[in-house]
Amino acid sequence: MTARNISLFWEWGRKIILRRDSPILVPLYTSNLHHEVELGVVIGKGGTAIPQAAAMEHVAGYALCLDMTARDIQDECKSKGLPWTLAKAFNTSCPVSEFIPKERIPDPGSVNLWLKVNDQLRQSGCTSQMIFSIPYLISYISDFITLEEGDLILTGTPKGVSAVQEHDELQAGIEDVVTMSFRVDRQDK
Ligand SMILES: O=C(O)/C=C/C(=O)CC(=O)C(=O)O
Ligand SMILES: [Mg+2]
């Protein structure tokens, strides 16, 4: 999961992975950093123009991911028709759990994700609510960008995104499969 990371197709940014024991750093240029808990799909076998019917053969497993988003910057970029790179793809923008082998989530289209901030539940949803299925995402992305082993696809977030502050503690989980926690710090100059 280190080679390359592809987030949802509309973002076109390279999110930067953050592993446990390191803090999420709030970029100096935002005053509205949001959490977005998402199921991440880890590609095990690369490919181009992968048919939906074969898509799951390309999946090695999953990771729980946070698509940290500078919402104020995203709004500004949206209003100007600019790419969302600085809103989505800054340092520490993608805290992830440990790798989850695919056998541990037999039906990724129906698992519950949750996120708490300082022990208060903010997000809770099921991947069955996703607009695009995992096979569709793999097939669609691979039409434009050849997928490689180790790529990580973020699949979208349930309702409840909200702002985080310095010293907050974020906890997130996938049902009984995995939990993770990250604290938030302000970036030094
Ligand atoms: O359209 C917007 O204002 C925001 C969209 C997102 O940030 C999309 C996601 O990253 C998501 O749904 O997970
Ligand atoms: Mg997202």
# chains A, B, ... in the order shown; residues from 1 in each chain; ligands from 1
>>> closest_atom_pairs(of="chain A", to="ligand 2", cutoff="6 Å", atoms="only C-alpha atoms and all ligand atoms", output="JSON lines")
{"residue": "A:Glu36", "atom": "CA", "partner": "ligand 2", "partner_atom_place_in_ligand_line": "1 (Mg)", "distance": 5.5}
{"residue": "A:Asp67", "atom": "CA", "partner": "ligand 2", "partner_atom_place_in_ligand_line": "1 (Mg)", "distance": 4.9}
{"residue": "A:Gly156", "atom": "CA", "partner": "ligand 2", "partner_atom_place_in_ligand_line": "1 (Mg)", "distance": 4.6}
{"residue": "A:Thr157", "atom": "CA", "partner": "ligand 2", "partner_atom_place_in_ligand_line": "1 (Mg)", "distance": 5.3}
>>> write_last_selection(atoms="N, CA and C atoms", output="compact mmCIF listing (two decimals), in the first residue's frame")
# COMPACT_ATOMS: atom_id res chain seq x y z
N GLU A 36 -13.76 12.13 6.78
CA GLU A 36 -14.66 11.33 5.94
C GLU A 36 -14.21 9.88 6.09
N ASP A 67 -10.65 10.04 4.55
CA ASP A 67 -10.40 10.97 3.44
C ASP A 67 -10.47 12.38 4.03
N GLY A 156 -15.87 6.57 -0.96
CA GLY A 156 -16.94 7.52 -0.63
C GLY A 156 -17.38 7.37 0.83
N THR A 157 -17.94 8.44 1.33
CA THR A 157 -18.21 8.49 2.77
C THR A 157 -19.70 8.57 3.10
>>> residues_around(residues="Asp107 (chain A)", least_positions_apart="5", cutoff="10 Å", atoms="only C-alpha atoms", output="list in words")
Lys102, Thr127 and Ser128 of chain A
>>> residues_around(residues="region 134-146 of chain A", least_positions_apart="2", cutoff="12 Å", atoms="only C-alpha atoms", output="MDAnalysis selection string")
chainID A and resid 4:12 39:59 61:62 107:110 127:132 148:149 151:156
>>> closest_residue(among="A:Gln123, A:Asn118, A:Gln187, A:Thr92", to="Thr30 (chain A)", atoms="only C-alpha atoms")
A:Gln187
>>> select_by_dssp(residues="region 68-104 of chain A", states="strand (DSSP E)", output="list in words")
Thr69, Ala70, Cys94, Pro95, Ile100 and Pro101 of chain A
>>> write_last_selection(atoms="N, CA, C and O atoms", output="JSON list (two decimals), in the first residue's frame")
[["chain", "number", "residue", "atom", "x", "y", "z"],
["A", 69, "THR", "N", -10.36, 16.13, 4.51],
["A", 69, "THR", "CA", -10.70, 17.10, 3.46],
["A", 69, "THR", "C", -10.76, 18.51, 4.02],
["A", 69, "THR", "O", -11.51, 18.78, 4.97],
["A", 70, "ALA", "N", -9.98, 19.41, 3.44],
["A", 70, "ALA", "CA", -10.05, 20.83, 3.82],
["A", 70, "ALA", "C", -11.26, 21.43, 3.10],
["A", 70, "ALA", "O", -11.19, 21.83, 1.93],
["A", 94, "CYS", "N", -4.52, 10.99, 4.49],
["A", 94, "CYS", "CA", -5.18, 9.68, 4.40],
["A", 94, "CYS", "C", -4.73, 8.71, 5.50],
["A", 94, "CYS", "O", -3.98, 7.76, 5.23],
["A", 95, "PRO", "N", -5.21, 8.92, 6.73],
["A", 95, "PRO", "CA", -4.94, 7.94, 7.78],
["A", 95, "PRO", "C", -5.58, 6.60, 7.40],
["A", 95, "PRO", "O", -6.72, 6.57, 6.92],
["A", 100, "ILE", "N", -6.40, -5.32, 5.59],
["A", 100, "ILE", "CA", -7.41, -6.34, 5.92],
["A", 100, "ILE", "C", -7.52, -7.29, 4.73],
["A", 100, "ILE", "O", -8.00, -6.89, 3.66],
["A", 101, "PRO", "N", -7.08, -8.55, 4.86],
["A", 101, "PRO", "CA", -7.18, -9.48, 3.73],
["A", 101, "PRO", "C", -8.64, -9.65, 3.28],
["A", 101, "PRO", "O", -9.56, -9.59, 4.11]]
>>> closest_residue(among="A:Leu82, A:Leu18, A:Pro158, A:Lys116", to="ligand 1", atoms="only C-alpha atoms and all ligand atoms")
A:Pro158
>>> select_by_dssp(residues="region 29-148 of chain A", states="helix (DSSP H, G or I)", output="PyMOL selection string")
chain A and resi 52-58+71-80+85-88+102-104+108-110+127-129+134-144
>>> closest_residue(among="A:Arg14, A:Val161, A:Ile105, A:Ile174", to="Pro83 (chain A)", atoms="only C-alpha atoms")
A:Arg14
>>> closest_residue(among="A:Val178, A:Val111, A:Leu147, A:Cys65", to="Ser93 (chain A)", atoms="only C-alpha atoms")
A:Cys65
>>> closest_residue(among="A:Ala89, A:Val177, A:Val117, A:Cys126", to="Ala63 (chain A)", atoms="only C-alpha atoms")
A:Val177
>>> residues_around(residues="Leu25 (chain A)", least_positions_apart="3", cutoff="12 Å", atoms="only C-alpha atoms", output="PyMOL selection string")
chain A and resi 16+18+22+28-30+33-34+68-70+90-95+164-168+182-189
>>> closest_residue(among="A:Gln74, A:Ser133, A:Thr179, A:Ser79", to="ligand 1", atoms="only C-alpha atoms and all ligand atoms")
A:Gln74
